[in-house]
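**Q** I am sharing upload-v7.txt, which consists of compact mmCIF, C-alpha atoms and all ligand atoms:
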```
# COMPACT_ATOMS: atom_id res chain seq x y z
CA MET P 103 95.03 100.73 82.13
CA MET P 104 96.03 97.10 82.40
CA GLU P 105 95.99 97.07 86.19
CA ASN P 106 93.10 97.50 88.62
CA ARG P 107 90.45 96.00 86.40
CA ALA P 108 87.28 94.66 87.92
CA ILE P 109 87.47 91.29 86.13
CA TYR P 110 90.71 90.34 87.90
CA GLY P 111 90.75 89.47 91.60
CA PRO P 112 93.97 89.51 93.65
CA GLU P 113 94.54 85.82 92.92
CA TYR P 114 95.80 86.70 89.43
CA GLU P 115 98.42 89.21 90.60
CA GLU P 116 101.14 86.69 91.33
CA LEU P 117 100.89 85.14 87.88
CA ARG P 118 100.94 88.61 86.31
CA ARG P 119 104.10 89.55 88.26
CA ASN P 120 105.78 86.24 87.40
CA ALA P 121 104.87 86.48 83.72
CA ARG P 122 106.09 90.08 83.52
CA ARG P 123 109.36 89.20 85.23
CA PHE P 124 109.81 86.15 83.02
CA PHE P 125 109.31 88.10 79.80
CA GLU P 126 111.57 90.92 81.04
CA THR P 127 114.41 88.62 82.01
CA GLU P 128 114.13 85.87 79.40
CA LEU P 129 112.42 87.35 76.35
CA LEU P 130 113.46 90.99 76.05
CA PRO P 131 117.23 90.44 76.28
CA ASN P 132 117.09 87.72 73.59
CA ILE P 133 114.41 88.82 71.16
CA ASP P 134 116.81 90.58 68.77
CA GLN P 135 118.77 87.37 68.28
CA TRP P 136 115.62 85.31 67.77
CA GLU P 137 114.30 87.84 65.26
CA GLU P 138 117.54 87.43 63.36
CA ASP P 139 117.34 83.63 63.58
CA GLY P 140 113.65 83.61 62.63
CA ILE P 141 112.86 81.23 65.45
CA VAL P 142 112.72 80.98 69.23
CA PRO P 143 114.96 78.14 70.48
CA LYS P 144 113.28 75.14 72.05
CA ASP P 145 114.98 75.69 75.40
CA MET P 146 113.04 78.94 75.76
CA TRP P 147 109.86 76.91 75.51
CA LEU P 148 111.12 74.65 78.29
CA LYS P 149 111.94 77.69 80.45
CA ALA P 150 108.45 79.07 79.83
CA GLY P 151 107.00 75.71 80.78
CA ALA P 152 109.01 75.57 83.99
CA MET P 153 107.72 79.04 84.93
CA GLY P 154 104.07 78.07 84.41
CA ILE P 155 103.72 80.33 81.38
CA LEU P 156 102.43 77.63 79.03
CA CYS P 157 98.90 76.20 79.11
CA PRO P 158 97.82 77.59 82.52
CA THR P 159 94.28 76.22 82.15
CA VAL P 160 95.30 72.58 81.84
CA PRO P 161 93.84 70.67 84.81
CA GLU P 162 96.17 69.41 87.53
CA GLU P 163 95.62 65.76 86.63
CA TYR P 164 97.26 66.47 83.28
CA GLY P 165 100.20 68.34 84.78
CA GLY P 166 98.78 71.87 84.58
CA ALA P 167 97.95 74.52 87.13
CA GLY P 168 94.19 74.12 86.69
CA GLY P 169 93.67 77.83 86.06
CA ASP P 170 90.79 79.52 84.27
CA PHE P 171 90.53 81.75 81.21
CA LEU P 172 91.69 84.77 83.24
CA HIS P 173 95.03 83.09 83.94
CA LEU P 174 95.43 82.66 80.23
CA SER P 175 94.43 86.27 79.59
CA VAL P 176 96.97 87.53 82.12
CA ILE P 177 99.75 85.77 80.22
CA ASP P 178 98.46 87.03 76.86
CA GLU P 179 98.36 90.58 78.24
CA GLU P 180 101.86 90.40 79.66
CA LEU P 181 103.21 88.93 76.44
CA GLY P 182 101.44 91.64 74.43
CA TYR P 183 102.74 94.29 76.82
CA THR P 184 106.35 93.33 76.09
CA GLY P 185 105.62 94.85 72.69
CA GLN P 186 107.55 91.88 71.27
CA ALA P 187 104.91 89.20 70.86
CA SER P 188 106.61 87.01 68.28
CA PHE P 189 107.29 84.28 70.85
CA THR P 190 104.13 82.56 69.65
CA ILE P 191 103.07 80.68 72.75
CA GLN P 192 99.53 81.85 72.06
CA THR P 193 99.07 79.33 69.24
CA HIS P 194 100.43 76.59 71.48
CA THR P 195 98.40 77.47 74.57
CA ASP P 196 95.27 79.25 73.44
CA ILE P 197 94.59 77.08 70.40
CA VAL P 198 96.36 73.72 70.34
CA ALA P 199 96.25 72.85 74.06
CA ALA P 200 92.77 74.36 74.27
CA TYR P 201 91.54 72.06 71.47
CA VAL P 202 93.04 69.03 73.19
CA GLU P 203 91.49 70.10 76.50
CA ALA P 204 88.09 70.65 74.92
CA LEU P 205 87.93 67.78 72.46
CA GLY P 206 90.56 65.22 73.44
CA THR P 207 89.84 61.75 74.76
CA GLU P 208 91.17 60.85 78.20
CA GLU P 209 94.04 58.99 76.55
CA GLN P 210 94.92 61.93 74.28
CA LYS P 211 94.90 64.38 77.18
CA ARG P 212 97.20 62.13 79.22
CA ARG P 213 99.50 61.62 76.25
CA TRP P 214 99.89 65.23 75.13
CA LEU P 215 98.89 67.80 77.73
CA PRO P 216 101.56 67.19 80.40
CA ARG P 217 104.33 67.68 77.84
CA MET P 218 102.60 70.71 76.35
CA VAL P 219 102.60 72.27 79.82
CA THR P 220 106.36 71.70 80.19
CA GLY P 221 107.14 72.87 76.66
CA GLU P 222 108.54 69.47 75.62
CA LEU P 223 105.85 69.29 72.95
CA ILE P 224 105.24 72.42 70.89
CA GLY P 225 101.89 72.77 69.18
CA ALA P 226 100.78 74.15 65.83
CA VAL P 227 97.45 74.28 64.07
CA ALA P 228 97.34 73.81 60.31
CA MET P 229 94.20 75.10 58.64
CA THR P 230 95.32 77.46 55.90
CA GLU P 231 96.34 76.20 52.47
CA PRO P 232 97.77 78.06 49.48
CA GLN P 233 94.25 78.19 47.94
CA ALA P 234 92.13 78.31 51.11
CA GLY P 235 92.46 80.78 53.98
CA SER P 236 89.37 82.79 54.83
CA ASP P 237 87.22 80.12 53.20
CA LEU P 238 88.15 77.15 55.39
CA LYS P 239 85.70 74.78 53.75
CA ALA P 240 87.65 75.11 50.48
CA ILE P 241 90.61 73.14 51.86
CA THR P 242 91.75 70.20 49.76
CA THR P 243 93.92 68.29 52.26
CA THR P 244 92.36 64.87 52.69
CA ALA P 245 92.50 62.16 55.35
CA ARG P 246 91.39 58.88 53.79
CA ARG P 247 90.54 56.04 56.13
CA ASP P 248 92.63 52.88 55.68
CA GLY P 249 91.91 50.33 58.42
CA ASP P 250 92.94 51.83 61.72
CA HIS P 251 94.85 54.70 60.08
CA TYR P 252 94.12 57.87 58.15
CA ILE P 253 96.24 58.59 55.10
CA LEU P 254 96.85 62.33 55.12
CA LYS P 255 97.62 64.12 51.87
CA GLY P 256 97.91 67.84 51.22
CA GLN P 257 99.76 71.05 51.88
CA LYS P 258 99.40 73.82 54.47
CA THR P 259 100.94 77.26 54.57
CA TYR P 260 101.67 80.19 56.92
CA ILE P 261 101.73 77.80 59.86
CA THR P 262 102.88 79.41 63.11
CA ASN P 263 105.43 77.26 65.03
CA GLY P 264 105.66 75.24 61.80
CA ILE P 265 109.37 74.51 62.23
CA ASN P 266 109.37 73.91 65.99
CA ALA P 267 106.11 71.99 66.25
CA ASP P 268 106.02 68.42 67.51
CA LEU P 269 102.24 68.21 67.49
CA VAL P 270 100.23 69.60 64.58
CA ILE P 271 96.45 69.70 64.52
CA VAL P 272 95.70 69.32 60.83
CA VAL P 273 92.33 70.33 59.45
CA ALA P 274 91.56 67.83 56.69
CA LYS P 275 88.63 66.45 54.75
CA THR P 276 87.62 62.96 55.80
CA ALA P 277 84.56 63.11 53.55
CA PRO P 278 85.31 65.62 50.77
CA GLU P 279 81.91 65.05 49.15
CA LEU P 280 80.21 66.50 52.24
CA GLY P 281 81.93 69.91 52.05
CA ARG P 282 82.22 71.55 55.45
CA LYS P 283 80.36 68.62 56.98
CA GLY P 284 83.22 66.35 55.97
CA VAL P 285 86.04 68.10 57.84
CA SER P 286 87.99 66.53 60.73
CA LEU P 287 90.85 67.46 63.06
CA ILE P 288 93.73 65.02 62.88
CA VAL P 289 96.76 65.26 65.16
CA VAL P 290 100.10 64.59 63.50
CA GLU P 291 102.97 63.76 65.84
CA ALA P 292 106.31 64.65 64.29
CA PRO P 293 108.52 63.16 63.09
CA VAL P 294 106.55 60.74 60.95
CA GLU P 295 107.16 59.42 57.46
CA GLY P 296 105.71 61.57 54.70
CA PHE P 297 105.54 64.72 56.82
CA ALA P 298 107.90 67.48 55.70
CA ARG P 299 108.38 71.10 56.63
CA GLY P 300 109.07 73.66 53.96
CA LYS P 301 111.44 76.55 54.37
CA ARG P 302 110.91 79.09 57.13
CA LEU P 303 108.87 81.87 55.56
CA LYS P 304 110.33 85.37 55.71
CA LYS P 305 107.84 87.89 57.06
CA MET P 306 107.62 91.66 57.40
CA GLY P 307 107.05 91.32 61.16
CA MET P 308 106.67 88.74 63.92
CA LYS P 309 110.09 87.61 62.78
CA ALA P 310 111.00 85.42 65.76
CA SER P 311 107.92 83.32 65.08
CA ASP P 312 108.75 80.36 62.86
CA THR P 313 106.15 80.36 60.12
CA ALA P 314 106.32 77.53 57.60
CA GLU P 315 104.70 75.48 54.90
CA LEU P 316 103.89 71.89 55.85
CA PHE P 317 103.60 68.97 53.46
CA PHE P 318 101.74 65.73 54.03
CA ASP P 319 102.54 63.05 51.50
CA ASP P 320 100.51 59.97 52.42
CA VAL P 321 101.25 60.33 56.12
CA ARG P 322 99.83 57.40 58.10
CA VAL P 323 98.16 58.66 61.26
CA PRO P 324 96.47 56.26 63.70
CA VAL P 325 92.71 56.82 63.95
CA THR P 326 93.26 57.32 67.67
CA ASN P 327 94.74 60.71 66.71
CA LEU P 328 91.36 61.99 65.52
CA LEU P 329 90.51 64.97 67.74
CA GLY P 330 86.82 65.18 68.53
CA GLU P 331 84.27 63.63 66.21
CA GLU P 332 84.92 62.56 62.65
CA ASN P 333 83.40 65.03 60.14
CA ALA P 334 82.57 67.51 62.92
CA GLY P 335 85.82 69.48 62.55
CA PHE P 336 84.27 72.57 61.01
CA ARG P 337 81.65 72.86 63.75
CA GLN P 338 84.32 72.23 66.41
CA VAL P 339 86.59 74.95 65.01
CA MET P 340 83.68 77.40 64.85
CA HIS P 341 82.84 76.59 68.46
CA GLU P 342 86.41 77.23 69.68
CA ILE P 343 87.21 80.23 67.51
CA PRO P 344 85.47 83.03 69.49
CA LYS P 345 87.78 82.25 72.43
CA GLU P 346 90.82 82.37 70.16
CA ARG P 347 89.69 85.72 68.79
CA LEU P 348 89.33 87.00 72.32
CA SER P 349 92.95 86.05 72.96
CA ILE P 350 94.07 87.85 69.81
CA ALA P 351 92.05 90.90 70.89
CA THR P 352 93.75 90.73 74.29
CA ILE P 353 97.29 90.62 72.94
CA ALA P 354 96.42 93.42 70.52
CA MET P 355 95.13 95.65 73.33
CA ALA P 356 98.17 95.05 75.51
CA ALA P 357 100.54 95.75 72.62
CA ALA P 358 98.63 98.95 71.80
CA GLN P 359 98.82 99.99 75.45
CA LYS P 360 102.57 99.38 75.47
CA ALA P 361 103.05 101.51 72.35
CA PHE P 362 101.03 104.27 73.96
CA ASP P 363 102.87 104.15 77.31
CA MET P 364 106.25 104.14 75.61
CA THR P 365 105.26 107.09 73.46
CA VAL P 366 104.03 109.17 76.38
CA ALA P 367 107.46 108.70 77.95
CA TYR P 368 109.18 109.52 74.66
CA VAL P 369 107.32 112.77 74.00
CA LYS P 370 108.07 114.00 77.51
CA ASP P 371 111.74 113.51 76.87
CA ARG P 372 112.10 114.56 73.23
CA GLN P 373 112.80 118.28 72.74
CA VAL P 374 111.62 120.05 69.58
CA PHE P 375 111.63 123.80 68.94
CA GLY P 376 113.08 124.30 72.39
CA LYS P 377 110.48 122.44 74.43
CA PRO P 378 109.32 118.88 75.15
CA LEU P 379 107.21 117.39 72.35
CA ILE P 380 104.37 116.76 74.78
CA GLU P 381 103.82 120.49 75.17
CA PHE P 382 102.46 120.81 71.64
CA GLN P 383 98.72 120.65 71.37
CA ASN P 384 98.92 118.24 68.43
CA THR P 385 100.82 115.75 70.59
CA GLN P 386 98.38 116.15 73.45
CA PHE P 387 95.31 115.78 71.24
CA LYS P 388 96.69 112.73 69.43
CA LEU P 389 97.53 111.03 72.71
CA ALA P 390 94.23 112.06 74.28
CA GLU P 391 92.37 110.47 71.36
CA LEU P 392 94.39 107.28 71.64
CA LYS P 393 93.88 107.15 75.39
CA THR P 394 90.13 107.44 74.83
CA HIS P 395 90.09 104.61 72.29
CA LEU P 396 92.25 102.43 74.53
CA ALA P 397 89.90 102.97 77.46
CA VAL P 398 86.92 101.92 75.33
CA GLY P 399 88.83 98.95 73.92
CA TRP P 400 89.73 97.67 77.40
CA ALA P 401 86.17 98.10 78.63
CA HIS P 402 84.72 96.10 75.76
CA LEU P 403 87.43 93.47 76.06
CA ASP P 404 86.68 93.02 79.76
CA HIS P 405 82.98 92.81 78.98
CA CYS P 406 83.71 90.00 76.48
CA ILE P 407 86.03 88.16 78.85
CA ALA P 408 83.40 88.33 81.60
CA LYS P 409 80.79 86.95 79.18
CA HIS P 410 83.15 84.21 78.08
CA LEU P 411 83.70 83.20 81.71
CA LYS P 412 79.94 82.73 81.97
CA GLY P 413 79.92 80.72 78.72
CA LYS P 414 77.87 83.43 77.01
CA LEU P 415 80.26 85.06 74.56
CA THR P 416 78.78 84.98 71.08
CA SER P 417 80.72 84.66 67.86
CA ASP P 418 79.79 88.18 66.71
CA GLU P 419 80.82 89.75 70.04
CA ALA P 420 84.21 88.07 69.79
CA ALA P 421 84.38 89.34 66.20
CA VAL P 422 83.69 92.90 67.42
CA ALA P 423 86.53 92.60 69.95
CA LYS P 424 88.94 91.17 67.39
CA LEU P 425 88.00 93.73 64.75
CA PHE P 426 88.09 96.76 67.04
CA ASN P 427 91.19 95.88 69.02
CA THR P 428 93.38 94.78 66.14
CA GLU P 429 92.41 97.79 64.03
CA LEU P 430 93.04 99.96 67.11
CA GLN P 431 96.44 98.36 67.65
CA CYS P 432 97.44 99.23 64.10
CA ARG P 433 96.19 102.79 64.48
CA VAL P 434 97.94 103.27 67.83
CA VAL P 435 101.29 101.96 66.64
CA ASP P 436 101.06 104.09 63.52
CA GLU P 437 100.28 107.31 65.43
CA CYS P 438 102.90 106.47 68.04
CA LEU P 439 105.52 105.81 65.39
CA GLN P 440 104.71 109.21 63.88
CA LEU P 441 105.36 110.87 67.24
CA HIS P 442 108.80 109.21 67.31
CA GLY P 443 109.75 110.95 64.05
CA GLY P 444 112.69 109.45 62.13
CA TRP P 445 113.74 107.51 65.21
CA GLY P 446 110.49 105.57 64.95
CA TYR P 447 111.43 104.39 61.48
CA MET P 448 114.74 102.89 62.60
CA ALA P 449 114.57 99.09 62.70
CA GLU P 450 116.25 99.02 66.11
CA THR P 451 113.48 100.92 67.88
CA PRO P 452 110.76 98.92 69.64
CA ILE P 453 108.04 101.03 68.04
CA ALA P 454 109.22 100.10 64.53
CA ARG P 455 109.01 96.41 65.37
CA MET P 456 105.64 96.90 67.02
CA TYR P 457 104.43 98.53 63.81
CA THR P 458 105.39 95.59 61.59
CA ASP P 459 104.30 93.00 64.18
CA ALA P 460 100.87 94.58 64.51
CA ARG P 461 99.92 94.27 60.87
CA VAL P 462 99.26 90.55 60.92
CA ARG P 463 96.57 90.87 63.58
CA ARG P 464 94.11 92.27 61.03
CA ILE P 465 94.74 89.27 58.77
CA ALA P 466 95.33 86.07 60.76
CA GLY P 467 92.76 84.36 62.96
CA GLY P 468 90.04 85.65 60.62
CA SER P 469 90.65 88.90 58.76
CA SER P 470 88.92 92.18 59.58
CA GLU P 471 86.65 91.62 56.58
CA ILE P 472 85.60 88.20 57.86
CA MET P 473 84.89 89.79 61.28
CA LYS P 474 82.64 92.32 59.54
CA MET P 475 80.82 89.49 57.76
CA LEU P 476 80.18 87.76 61.07
CA ILE P 477 78.93 90.96 62.65
CA ALA P 478 76.81 91.81 59.61
CA ARG P 479 75.01 88.46 59.89
CA THR P 480 73.41 89.70 63.10
CA LEU P 481 71.96 92.82 61.51
C1 LIG C 501 102.06 85.46 60.25
C2 LIG C 501 100.91 84.55 59.96
C3 LIG C 501 100.68 83.47 60.78
C4 LIG C 501 99.64 82.58 60.50
N1 LIG C 501 99.48 81.47 61.28
C5 LIG C 501 98.58 80.53 60.90
C6 LIG C 501 98.49 79.27 61.59
O1 LIG C 501 99.21 79.04 62.58
N2 LIG C 501 97.62 78.35 61.15
C7 LIG C 501 96.81 78.56 60.06
O2 LIG C 501 96.05 77.68 59.71
N3 LIG C 501 96.88 79.74 59.39
C8 LIG C 501 97.72 80.72 59.77
N4 LIG C 501 97.81 81.90 59.09
C9 LIG C 501 96.92 82.11 57.95
C10 LIG C 501 95.83 83.13 58.19
O3 LIG C 501 94.87 82.65 59.10
C11 LIG C 501 95.25 83.48 56.83
O4 LIG C 501 96.26 84.22 56.14
C12 LIG C 501 93.98 84.29 56.93
O5 LIG C 501 92.93 83.50 57.40
C13 LIG C 501 93.57 84.87 55.55
O6 LIG C 501 93.54 83.89 54.59
P1 LIG C 501 94.34 84.11 53.20
O7 LIG C 501 95.73 84.50 53.52
O8 LIG C 501 94.13 82.91 52.36
O9 LIG C 501 93.65 85.36 52.54
P2 LIG C 501 92.38 85.32 51.60
O10 LIG C 501 91.34 84.47 52.18
O11 LIG C 501 92.83 85.06 50.20
O12 LIG C 501 91.91 86.84 51.69
C14 LIG C 501 92.43 87.89 50.86
C15 LIG C 501 91.65 89.16 51.16
O13 LIG C 501 90.30 88.94 50.82
C16 LIG C 501 89.47 89.24 51.92
N5 LIG C 501 88.30 88.37 51.90
C17 LIG C 501 88.27 87.03 51.97
N6 LIG C 501 87.02 86.58 51.93
C18 LIG C 501 86.21 87.67 51.84
C19 LIG C 501 84.82 87.87 51.78
N7 LIG C 501 83.98 86.84 51.80
N8 LIG C 501 84.36 89.13 51.69
C20 LIG C 501 85.20 90.17 51.64
N9 LIG C 501 86.53 90.05 51.70
C21 LIG C 501 87.04 88.82 51.80
C22 LIG C 501 90.32 89.00 53.13
O14 LIG C 501 89.83 89.70 54.25
C23 LIG C 501 91.65 89.54 52.64
O15 LIG C 501 91.67 90.93 52.78
C24 LIG C 501 98.80 82.82 59.39
C25 LIG C 501 99.01 83.94 58.59
C26 LIG C 501 100.05 84.79 58.84
C27 LIG C 501 100.27 85.98 57.94
```
Written as structure tokens, that's how I'd like the structure from this file.
Ligand SMILES: Cc1cc2nc3c(=O)[nH]c(=O)nc-3n(C[C@H](O)[C@H](O)[C@H](O)COP(=O)(O)OP(=O)(O)OC[C@H]3O[C@@H](n4cnc5c(N)ncnc54)[C@H](O)[C@@H]3O)c2cc1C
**A**
Amino acid sequence: MMENRAIYGPEYEELRRNARRFFETELLPNIDQWEEDGIVPKDMWLKAGAMGILCPTVPEEYGGAGGDFLHLSVIDEELGYTGQASFTIQTHTDIVAAYVEALGTEEQKRRWLPRMVTGELIGAVAMTEPQAGSDLKAITTTARRDGDHYILKGQKTYITNGINADLVIVVAKTAPELGRKGVSLIVVEAPVEGFARGKRLKKMGMKASDTAELFFDDVRVPVTNLLGEENAGFRQVMHEIPKERLSIATIAMAAAQKAFDMTVAYVKDRQVFGKPLIEFQNTQFKLAELKTHLAVGWAHLDHCIAKHLKGKLTSDEAAVAKLFNTELQCRVVDECLQLHGGWGYMAETPIARMYTDARVRRIAGGSSEIMKMLIARTL
């Protein structure tokens, strides 16, 4: 269902082929090792950069390919379709580079984007804190102005690419008394005095993704590293977030599709009670239901992508896509694992990893409950 979709013209085919080949030759043979290490080595990022896999929408004058959102979606789909999406280039490309593209000054774009495209600079975004996740305005990290610097103080947690990152967009309060109207985006370039990374956090899935706590102990950041307007950070994040949710919905769909395709192959091969598992009506009905949901999920996703390309995607529509597709991904991997029987529960099987990887999608990037709140506001 990933191919032959009306939103993609033939000009996206080459990138799709290249991305698929790249992930097949560079990611799949190495993912087990990276999962064990808890991190993807930096040279993989450089290889991805050299293959045009990172930041495809960055304009040519900043070293990119000057693609559009569909180029980015193609890469997200192909990454999701590996079924092994814990090489977290999505945070780097779809969030960090996208923020710099959208909000950066000319000087910031020239300084950071070319090296984000090559993978020399790895990006992370640090919003969540131990006491503030869903409720972003409750963050307590502050950035106090001191001449031509901000003094950054606080702690972040669950930060994707937290160990590898060279460039961290930190969400901090520049005017705590103003609540959400006092939030700014400050770019920290590592290494810098006062900035420390905590230990790599152990997770139930997405194990090759380096997730970490970050500590800012009076870190001096030049005011020229303010991204966008001072005190407009909350509004800026809310403006960018529907697009990020669309990317999450895209990866979720592709991963669900992969689980489904793999399982169709498995049940044709697996013999039970003297015949292939696919010949049982339960198997057929389960897979028919999943195929139906996948078809609807893709159709709505494409509708949202098409609206986004016209600049018309609303926050609640993106929330619908994120809610539906991530919940669907979890349902699909669960049903597919069931059809694998005991083999599906073995850590070495792709479906087992897909099951544990999928779970985070309903939590990060705005939980399912937060998506429902956003949708409910339109009632
Ligand atoms: C693997 C992983 C990677 C991550 N990467 C990043 C990253 O790169 N950068 C970053 O900043 N953060 C990151 N996060 C953090 C993630 O975005 C947060 O975990 C998420 O936003 C939820 O926040 P929380 O964990 O504080 O949960 P809480 O906000 O404490 O939520 C707990 C539960 O309460 C529910 N809930 C919250 N508010 C309401 C409400 N108003 N009504 C009803 N129910 C509610 C939630 O849905 C959830 O079920 C990552 C998390 C994980 C697990």
**Q** Using all atoms listed in the file, what are the residues with an atom within 7 Å of ligand LIG 501 (chain C), set out as a list of chain:residue names?
**A**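 Based on all atoms listed in the file, ligand LIG 501 (chain C) is surrounded within 7 Å by P:Thr193, P:Ala226, P:Val227, P:Ala228, P:Met229, P:Thr230, P:Pro232, P:Gln233, P:Ala234, P:Gly235, P:Ser236, P:Asp237, P:Thr259, P:Tyr260, P:Ile261, P:Thr262, P:Asn263, P:Met308, P:Thr313, P:Val462, P:Ile465, P:Ala466, P:Gly467, P:Gly468, P:Ser469, P:Ser470, P:Glu471, P:Ile472.
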**Q** Put those residues in a file: C-alpha atoms, as a PDB file, keeping the file's coordinate frame.
**A**
```pdb
ATOM      1  CA  THR P 193      99.070  79.330  69.240  1.00  0.00           C
ATOM      2  CA  ALA P 226     100.780  74.150  65.830  1.00  0.00           C
ATOM      3  CA  VAL P 227      97.450  74.280  64.070  1.00  0.00           C
ATOM      4  CA  ALA P 228      97.340  73.810  60.310  1.00  0.00           C
ATOM      5  CA  MET P 229      94.200  75.100  58.640  1.00  0.00           C
ATOM      6  CA  THR P 230      95.320  77.460  55.900  1.00  0.00           C
ATOM      7  CA  PRO P 232      97.770  78.060  49.480  1.00  0.00           C
ATOM      8  CA  GLN P 233      94.250  78.190  47.940  1.00  0.00           C
ATOM      9  CA  ALA P 234      92.130  78.310  51.110  1.00  0.00           C
ATOM     10  CA  GLY P 235      92.460  80.780  53.980  1.00  0.00           C
ATOM     11  CA  SER P 236      89.370  82.790  54.830  1.00  0.00           C
ATOM     12  CA  ASP P 237      87.220  80.120  53.200  1.00  0.00           C
ATOM     13  CA  THR P 259     100.940  77.260  54.570  1.00  0.00           C
ATOM     14  CA  TYR P 260     101.670  80.190  56.920  1.00  0.00           C
ATOM     15  CA  ILE P 261     101.730  77.800  59.860  1.00  0.00           C
ATOM     16  CA  THR P 262     102.880  79.410  63.110  1.00  0.00           C
ATOM     17  CA  ASN P 263     105.430  77.260  65.030  1.00  0.00           C
ATOM     18  CA  MET P 308     106.670  88.740  63.920  1.00  0.00           C
ATOM     19  CA  THR P 313     106.150  80.360  60.120  1.00  0.00           C
ATOM     20  CA  VAL P 462      99.260  90.550  60.920  1.00  0.00           C
ATOM     21  CA  ILE P 465      94.740  89.270  58.770  1.00  0.00           C
ATOM     22  CA  ALA P 466      95.330  86.070  60.760  1.00  0.00           C
ATOM     23  CA  GLY P 467      92.760  84.360  62.960  1.00  0.00           C
ATOM     24  CA  GLY P 468      90.040  85.650  60.620  1.00  0.00           C
ATOM     25  CA  SER P 469      90.650  88.900  58.760  1.00  0.00           C
ATOM     26  CA  SER P 470      88.920  92.180  59.580  1.00  0.00           C
ATOM     27  CA  GLU P 471      86.650  91.620  56.580  1.00  0.00           C
ATOM     28  CA  ILE P 472      85.600  88.200  57.860  1.00  0.00           C
TER      29      ILE P 472
END
```
**Q** Dump as a PyMOL selection string all residues having an atom at most 12 Å from (107.4, 107.5, 64.4), computed in the file's coordinates with only C-alpha atoms.
**A** chain P and resi 361-362+364-365+368-369+434-449+451-457
**Q** For Ala423 of chain P, find every residue with an atom within 8 Å (counting all atoms listed in the file), except residues of its own chain fewer than 3 positions away, and show them as a ChimeraX atom specification.
**A** /P:347-348,351,399,402-403,406,419-420,426-427
**Q** Figure out the distance between atom CA of Asp250 of chain P and atom CA of Phe318 of chain P, please, to one decimal in Å.
**A**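 Result for atom CA of Phe318 of chain P versus atom CA of Asp250 of chain P: 18.2 Å, one decimal.
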**Q** Pick out the residues sitting within 9 Å of Pro158 of chain P, and hand them over as a PyMOL selection string; count all atoms listed in the file, and ignore anything fewer than 2 positions along from it in its own chain.
**A** chain P and resi 154-156+160-161+166-171+173-174+177+195+219
**Q** Which distance in Å separates atom CA of Ile288 of chain P and atom CA of Val270 of chain P, to one decimal?
**A**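 Atom-to-atom, atom CA of Ile288 of chain P and atom CA of Val270 of chain P are spaced 8.1 Å apart.
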**Q** Report the distance between atom CA of Ile253 of chain P and atom CA of Arg302 of chain P in Å, rounded to one decimal place.
**A** 25.3 Å
**Q** Just want the 10 Å neighbourhood of Ser286 of chain P, counted on only C-alpha atoms, with same-chain residues fewer than 5 positions away dropped. Output as a short mmCIF file (atom, residue, chain, number, x, y, z; two decimals) with C-alpha atoms, in the frame of the given file.
**A**
```cif
data_model
loop_
_atom_site.label_atom_id
_atom_site.label_comp_id
_atom_site.auth_asym_id
_atom_site.auth_seq_id
_atom_site.Cartn_x
_atom_site.Cartn_y
_atom_site.Cartn_z
CA THR P 244 92.36 64.87 52.69
CA ALA P 245 92.50 62.16 55.35
CA ILE P 271 96.45 69.70 64.52
CA VAL P 272 95.70 69.32 60.83
CA VAL P 273 92.33 70.33 59.45
CA ALA P 274 91.56 67.83 56.69
CA LYS P 275 88.63 66.45 54.75
CA THR P 276 87.62 62.96 55.80
CA ALA P 277 84.56 63.11 53.55
CA LEU P 328 91.36 61.99 65.52
CA LEU P 329 90.51 64.97 67.74
CA GLY P 330 86.82 65.18 68.53
CA GLU P 331 84.27 63.63 66.21
CA GLU P 332 84.92 62.56 62.65
CA ASN P 333 83.40 65.03 60.14
CA ALA P 334 82.57 67.51 62.92
CA GLY P 335 85.82 69.48 62.55
CA PHE P 336 84.27 72.57 61.01
CA ARG P 337 81.65 72.86 63.75
CA GLN P 338 84.32 72.23 66.41
CA VAL P 339 86.59 74.95 65.01
#
```
**Q** List the neighbours of Thr428 of chain P out to 6 Å using only C-alpha atoms; skip same-chain residues closer than 5 positions along the sequence, and give me the result as a tab-separated table (two decimals) with C-alpha atoms, in the frame of the given file.
**A**
```tsv
chain	number	residue	atom	x	y	z
P	354	ALA	CA	96.42	93.42	70.52
P	463	ARG	CA	96.57	90.87	63.58
P	464	ARG	CA	94.11	92.27	61.03
```
**Q** Would you please work out which residue, of P:Asp459, P:Glu231, P:Asp196, P:Asp178, is nearest to Lys258 of chain P when using only C-alpha atoms?
**A**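 Of the candidates, the smallest distance to Lys258 of chain P is held by P:Glu231.
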**Q** Counting all atoms listed in the file, which residue out of P:Thr326, P:Thr190, P:Leu411, P:Asp312 sits closest to Glu209 of chain P?
**A** P:Thr326
**Q** Which one is closest to Ala310 of chain P: P:Leu430, P:Ile191, P:Met355, P:Val176? Count only C-alpha atoms.
**A** P:Ile191
**Q** Could you check the closest approach to His341 of chain P for each of P:Leu415, P:Met475, P:Gly284, P:Thr480 and tell me which residue wins, using all atoms listed in the file?
**A**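 Result for the nearest residue to His341 of chain P: P:Leu415.
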